[in-house]
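Text of upload02.tsv (TSV, C-alpha atoms) as supplied:
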```tsv
chain	number	residue	atom	x	y	z
A	1	MET	CA	4.37	23.07	-130.07
A	2	GLY	CA	4.63	25.12	-126.87
A	3	ALA	CA	7.80	26.37	-125.24
A	4	LYS	CA	9.50	24.00	-122.87
A	5	PRO	CA	9.19	25.00	-119.23
A	6	SER	CA	12.33	26.21	-117.50
A	7	ARG	CA	14.62	23.63	-115.96
A	8	PRO	CA	13.70	24.60	-112.37
A	9	PHE	CA	9.99	24.27	-113.15
A	10	SER	CA	10.52	20.92	-114.91
A	11	SER	CA	12.56	19.69	-111.95
A	12	TYR	CA	9.89	20.94	-109.56
A	13	ALA	CA	7.17	19.03	-111.46
A	14	PHE	CA	9.36	15.94	-111.48
A	15	PHE	CA	10.12	16.23	-107.76
A	16	GLN	CA	6.44	16.75	-106.87
A	17	ARG	CA	5.42	13.58	-108.68
A	18	LEU	CA	8.22	11.53	-107.15
A	19	ARG	CA	7.36	12.93	-103.70
A	20	LEU	CA	3.70	11.95	-104.13
A	21	ARG	CA	4.72	8.41	-105.07
A	22	SER	CA	6.91	8.18	-101.96
A	23	LEU	CA	4.01	9.31	-99.78
A	24	CYS	CA	2.08	6.31	-101.15
A	25	GLY	CA	4.89	3.98	-100.03
A	26	HIS	CA	6.84	3.77	-103.31
A	27	THR	CA	10.59	4.28	-103.09
A	28	PHE	CA	11.20	4.66	-106.83
A	29	ALA	CA	9.38	5.46	-110.04
A	30	THR	CA	9.83	4.64	-113.71
A	31	SER	CA	9.29	7.01	-116.63
A	32	SER	CA	5.90	5.46	-117.32
A	33	ASP	CA	4.90	6.01	-113.66
A	34	LEU	CA	5.77	9.69	-113.95
A	35	LYS	CA	4.76	10.80	-117.48
A	36	ARG	CA	1.04	11.42	-117.07
A	37	ARG	CA	1.32	13.07	-113.67
A	38	ILE	CA	4.18	15.33	-114.76
A	39	GLY	CA	2.03	16.35	-117.75
A	40	ASN	CA	-0.77	17.23	-115.32
A	41	ILE	CA	1.54	19.28	-113.09
A	42	LEU	CA	2.95	21.11	-116.14
A	43	SER	CA	-0.55	21.40	-117.70
A	44	THR	CA	0.58	19.81	-120.96
A	45	SER	CA	0.24	16.66	-123.00
A	46	ASP	CA	3.20	17.60	-125.22
A	47	ASP	CA	5.56	14.59	-125.13
A	48	SER	CA	8.63	16.74	-125.77
A	49	VAL	CA	7.85	18.88	-122.71
A	50	ILE	CA	7.28	15.81	-120.54
A	51	THR	CA	10.44	14.16	-121.88
A	52	HIS	CA	12.35	17.35	-121.08
A	53	ALA	CA	11.08	17.15	-117.49
A	54	LEU	CA	12.08	13.48	-117.24
A	55	GLU	CA	15.55	14.29	-118.61
A	56	SER	CA	15.94	17.17	-116.15
A	57	GLY	CA	15.16	14.72	-113.37
A	58	LYS	CA	18.13	12.56	-114.32
A	59	SER	CA	20.58	15.32	-113.46
A	60	ALA	CA	18.78	16.97	-110.56
A	61	LYS	CA	20.71	16.86	-107.27
A	62	PHE	CA	17.72	15.58	-105.32
A	63	ILE	CA	17.06	12.73	-107.79
A	64	THR	CA	19.11	9.56	-108.27
A	65	TYR	CA	18.58	7.94	-111.67
A	66	ASP	CA	19.58	4.30	-112.17
A	67	SER	CA	20.21	3.92	-115.90
A	68	LYS	CA	20.32	0.09	-115.65
A	69	SER	CA	16.83	-0.23	-114.20
A	70	GLY	CA	15.41	3.04	-115.56
A	71	ARG	CA	14.29	3.97	-112.06
A	72	TYR	CA	14.21	7.39	-110.47
A	73	HIS	CA	14.71	7.64	-106.70
A	74	SER	CA	14.56	10.52	-104.29
A	75	THR	CA	18.25	10.85	-103.41
A	76	ALA	CA	17.50	11.10	-99.68
A	77	LEU	CA	15.32	7.96	-99.73
A	78	HIS	CA	17.83	6.14	-101.92
A	79	ILE	CA	20.67	6.89	-99.48
A	80	MET	CA	18.53	5.83	-96.52
A	81	GLU	CA	17.57	2.57	-98.26
A	82	ARG	CA	21.21	1.78	-99.03
A	83	VAL	CA	22.29	2.49	-95.43
A	84	VAL	CA	19.43	0.37	-94.05
A	85	ALA	CA	20.20	-2.45	-96.51
A	86	LYS	CA	23.87	-2.43	-95.52
A	87	ARG	CA	23.05	-2.49	-91.80
A	88	LEU	CA	20.42	-5.19	-92.22
A	89	GLY	CA	22.89	-7.26	-94.24
A	90	LYS	CA	25.40	-7.07	-91.41
A	91	ILE	CA	22.81	-7.91	-88.75
A	92	GLY	CA	21.32	-10.70	-90.88
A	93	SER	CA	24.64	-12.44	-91.35
A	94	ALA	CA	24.94	-13.11	-87.60
A	95	LYS	CA	23.88	-16.71	-86.94
A	96	SER	CA	23.65	-18.83	-83.81
A	97	ASP	CA	22.98	-22.53	-83.33
A	98	LEU	CA	19.57	-23.46	-81.96
A	99	SER	CA	19.39	-25.01	-78.53
A	100	GLY	CA	17.43	-28.14	-77.69
A	101	LYS	CA	14.82	-25.91	-76.02
A	102	GLU	CA	14.37	-23.93	-79.25
A	103	HIS	CA	14.02	-27.13	-81.31
A	104	ASP	CA	11.42	-28.38	-78.81
A	105	LEU	CA	9.50	-25.10	-79.05
A	106	ILE	CA	9.44	-25.35	-82.85
A	107	ALA	CA	8.10	-28.91	-82.67
A	108	LYS	CA	5.49	-27.94	-80.05
A	109	SER	CA	4.36	-24.90	-82.07
A	110	ALA	CA	4.16	-26.95	-85.26
A	111	MET	CA	2.08	-29.65	-83.57
A	112	ALA	CA	-0.36	-27.01	-82.27
A	113	LEU	CA	-1.20	-25.84	-85.79
A	114	PRO	CA	-4.59	-26.92	-87.19
A	115	PHE	CA	-2.82	-28.23	-90.31
A	116	PRO	CA	0.54	-29.85	-91.05
A	117	ILE	CA	3.50	-27.52	-91.51
A	118	THR	CA	5.73	-28.22	-94.51
A	119	GLU	CA	9.43	-29.03	-94.32
A	120	ARG	CA	10.22	-25.74	-96.05
A	121	GLN	CA	8.14	-23.80	-93.53
A	122	LEU	CA	9.97	-25.55	-90.67
A	123	ASP	CA	13.29	-24.59	-92.29
A	124	ALA	CA	12.11	-20.96	-92.44
A	125	VAL	CA	11.12	-21.03	-88.75
A	126	GLU	CA	14.51	-22.49	-87.81
A	127	MET	CA	16.28	-19.88	-89.93
A	128	SER	CA	14.26	-17.10	-88.29
A	129	LEU	CA	15.21	-18.34	-84.83
A	130	SER	CA	18.88	-18.85	-85.62
A	131	HIS	CA	19.53	-15.44	-87.24
A	132	SER	CA	19.41	-11.99	-85.66
A	133	LEU	CA	17.33	-10.79	-88.59
A	134	SER	CA	15.24	-12.67	-91.08
A	135	CYS	CA	12.98	-11.82	-93.98
A	136	VAL	CA	10.09	-14.10	-94.82
A	137	ILE	CA	9.14	-13.75	-98.46
A	138	GLY	CA	7.02	-15.71	-100.89
A	139	GLY	CA	3.95	-15.60	-103.06
A	140	ALA	CA	0.36	-15.87	-101.92
A	141	GLY	CA	-0.42	-19.16	-100.18
A	142	THR	CA	3.19	-20.21	-99.58
A	143	GLY	CA	2.84	-20.16	-95.79
A	144	LYS	CA	4.47	-16.87	-94.80
A	145	THR	CA	1.84	-16.22	-92.12
A	146	THR	CA	2.23	-19.77	-90.75
A	147	VAL	CA	6.01	-19.27	-90.53
A	148	LEU	CA	5.60	-15.90	-88.83
A	149	ARG	CA	3.01	-17.08	-86.34
A	150	THR	CA	5.10	-20.14	-85.43
A	151	THR	CA	8.27	-18.07	-85.08
A	152	ILE	CA	6.53	-15.44	-82.94
A	153	GLU	CA	5.05	-18.13	-80.70
A	154	CYS	CA	8.55	-19.56	-80.17
A	155	TYR	CA	10.03	-16.15	-79.37
A	156	ARG	CA	7.22	-15.38	-76.94
A	157	ALA	CA	7.84	-18.69	-75.14
A	158	LEU	CA	11.55	-17.86	-74.86
A	159	GLU	CA	10.62	-14.54	-73.15
A	160	ASP	CA	14.05	-12.95	-73.62
A	161	TYR	CA	13.29	-11.33	-76.95
A	162	ASN	CA	11.67	-8.18	-78.25
A	163	ILE	CA	9.70	-8.77	-81.44
A	164	TYR	CA	9.64	-6.04	-84.08
A	165	ALA	CA	7.54	-6.94	-87.09
A	166	MET	CA	8.26	-4.77	-90.12
A	167	ALA	CA	7.10	-4.47	-93.70
A	168	LEU	CA	8.18	-2.34	-96.65
A	169	SER	CA	4.95	-0.38	-97.03
A	170	GLY	CA	2.14	0.85	-94.82
A	171	ARG	CA	-0.36	-1.38	-96.58
A	172	ALA	CA	1.85	-4.44	-96.06
A	173	ALA	CA	2.39	-3.50	-92.39
A	174	THR	CA	-1.37	-3.27	-91.85
A	175	ARG	CA	-1.93	-6.66	-93.48
A	176	LEU	CA	0.89	-8.21	-91.46
A	177	ARG	CA	-0.52	-6.84	-88.19
A	178	GLU	CA	-3.93	-8.28	-89.07
A	179	SER	CA	-2.50	-11.70	-89.84
A	180	ILE	CA	-0.02	-12.17	-86.96
A	181	GLY	CA	-1.72	-10.11	-84.27
A	182	ILE	CA	1.19	-7.93	-83.14
A	183	GLU	CA	2.04	-4.29	-83.79
A	184	THR	CA	3.83	-3.88	-87.10
A	185	MET	CA	5.72	-0.93	-88.56
A	186	THR	CA	7.29	0.06	-91.84
A	187	ILE	CA	11.05	-0.20	-92.28
```

Taking this structure as input, can you express it in the form of structure tokens?
Amino acid sequence: MGAKPSRPFSSYAFFQRLRLRSLCGHTFATSSDLKRRIGNILSTSDDSVITHALESGKSAKFITYDSKSGRYHSTALHIMERVVAKRLGKIGSAKSDLSGKEHDLIAKSAMALPFPITERQLDAVEMSLSHSLSCVIGGAGTGKTTVLRTTIECYRALEDYNIYAMALSGRAATRLRESIGIETMTI
């Protein structure tokens, strides 16, 4: 069994792997995400050395470790995510009642679709129009794109709004831009 690398070197290996994951759009990593890559950086397959590096990551100042989820976060990214989440929560809680014009636009947009829109999709469009911020989530085939297209069409008809489409990752932003036809950015 080889000697364990020094704490700074273990922390460096840990940080490099976490940084590479963040460059790929990931905001956290689990031990299993990190083990093999840390071994590569440290040029070892010795589990005790890799475990030492993972343990050093838990107490490093630039790493935030969540013991409940077993996730490691870059402290800077973790702080930014928490600030953004808090701000978005505040913005998202602001709600206004829809006007008759907005209800008419929803009906007109829904009728223009080549297929019937579901009640749940209509609810999502109404929620998107009545809140300052909305998140449209759901599995494949649930109608997220239909909701987004309908909502965007309504906002464009109202003309008083700026539309900022956002996604959590670069890949998701690209896919969203392709499906709704407007410029999309990452959060």

Just checking: using all atoms listed in the file, which residue out of A:Arg156, A:His131, A:His78, A:Arg149 ends up closest to A:Ser93? A:His131

All residues 10 Å or closer to stretch 105-108 of chain A, only C-alpha atoms, same chain fewer than 5 positions away omitted, as a list of chain:residue names: A:Ser99, A:Gly100, A:Leu113, A:Leu122, A:Val125, A:Glu126, A:Leu129, A:Thr150, A:Thr151, A:Glu153, A:Cys154, A:Tyr155, A:Ala157, A:Leu158

Env of A:Thr27: 8 Å cut, atoms = only C-alpha atoms, seq-sep filter 6 positions within chain, self excluded. Answer as a list in words. Arg21, His73, Ser74, Leu77 and His78 of chain A

With all atoms listed in the file as the counted atoms, please give the residues lying no more than 10 Å from A:Ile180, apart from itself and same-chain residues fewer than 6 positions off, as a PyMOL selection string. chain A and resi 145-150+152+165

Gap from atom CA of A:Ser132 to atom CA of A:Thr186 - Å, one decimal: 18.2 Å

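Take the candidates A:Gly70, A:Thr142, A:Glu178, A:Ala94 and check each one against A:Ile117 using only C-alpha atoms; the shortest distance goes to A:Thr142.
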
Nearest to A:Phe28, restricted to only C-alpha atoms and choosing among A:Glu102, A:Asp160, A:Glu81, A:Glu183, comes out as A:Glu81

I'd like the neighbourhood of A:Ser45 as a list in words, where a residue qualifies if any of its atoms comes within 12 Å (using only C-alpha atoms), though same-chain residues fewer than 3 positions away should be ignored. Met1, Gly2, Lys4, Lys35, Arg36, Arg37, Ile38, Gly39, Asn40, Ile41, Leu42, Ser48, Val49, Ile50 and Thr51 of chain A

Considering only C-alpha atoms, return as number ranges by chain whatever protein or nucleic-acid residues lie within 12 Å of A:Ser22, sequence-local ones (same chain, fewer than 2 positions apart) excluded. A: 15-20, 24-29, 72-78, 168-170

Would you please work out which residue, of A:Thr118, A:Ser128, A:Asn162, A:Ser31, is nearest to A:Asp66 when using only C-alpha atoms? A:Ser31

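Going from atom CA of A:Gly141 to atom CA of A:Ile187 covers 23.5 Å.
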
A:Cys135 proximity check over A:Met185, A:Ala110, A:Ile163, A:Leu88, using only C-alpha atoms: winner is A:Leu88

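The gap separating atom CA of A:Ala173 from atom CA of A:Lys144 is 13.7 Å, in Å to one decimal.
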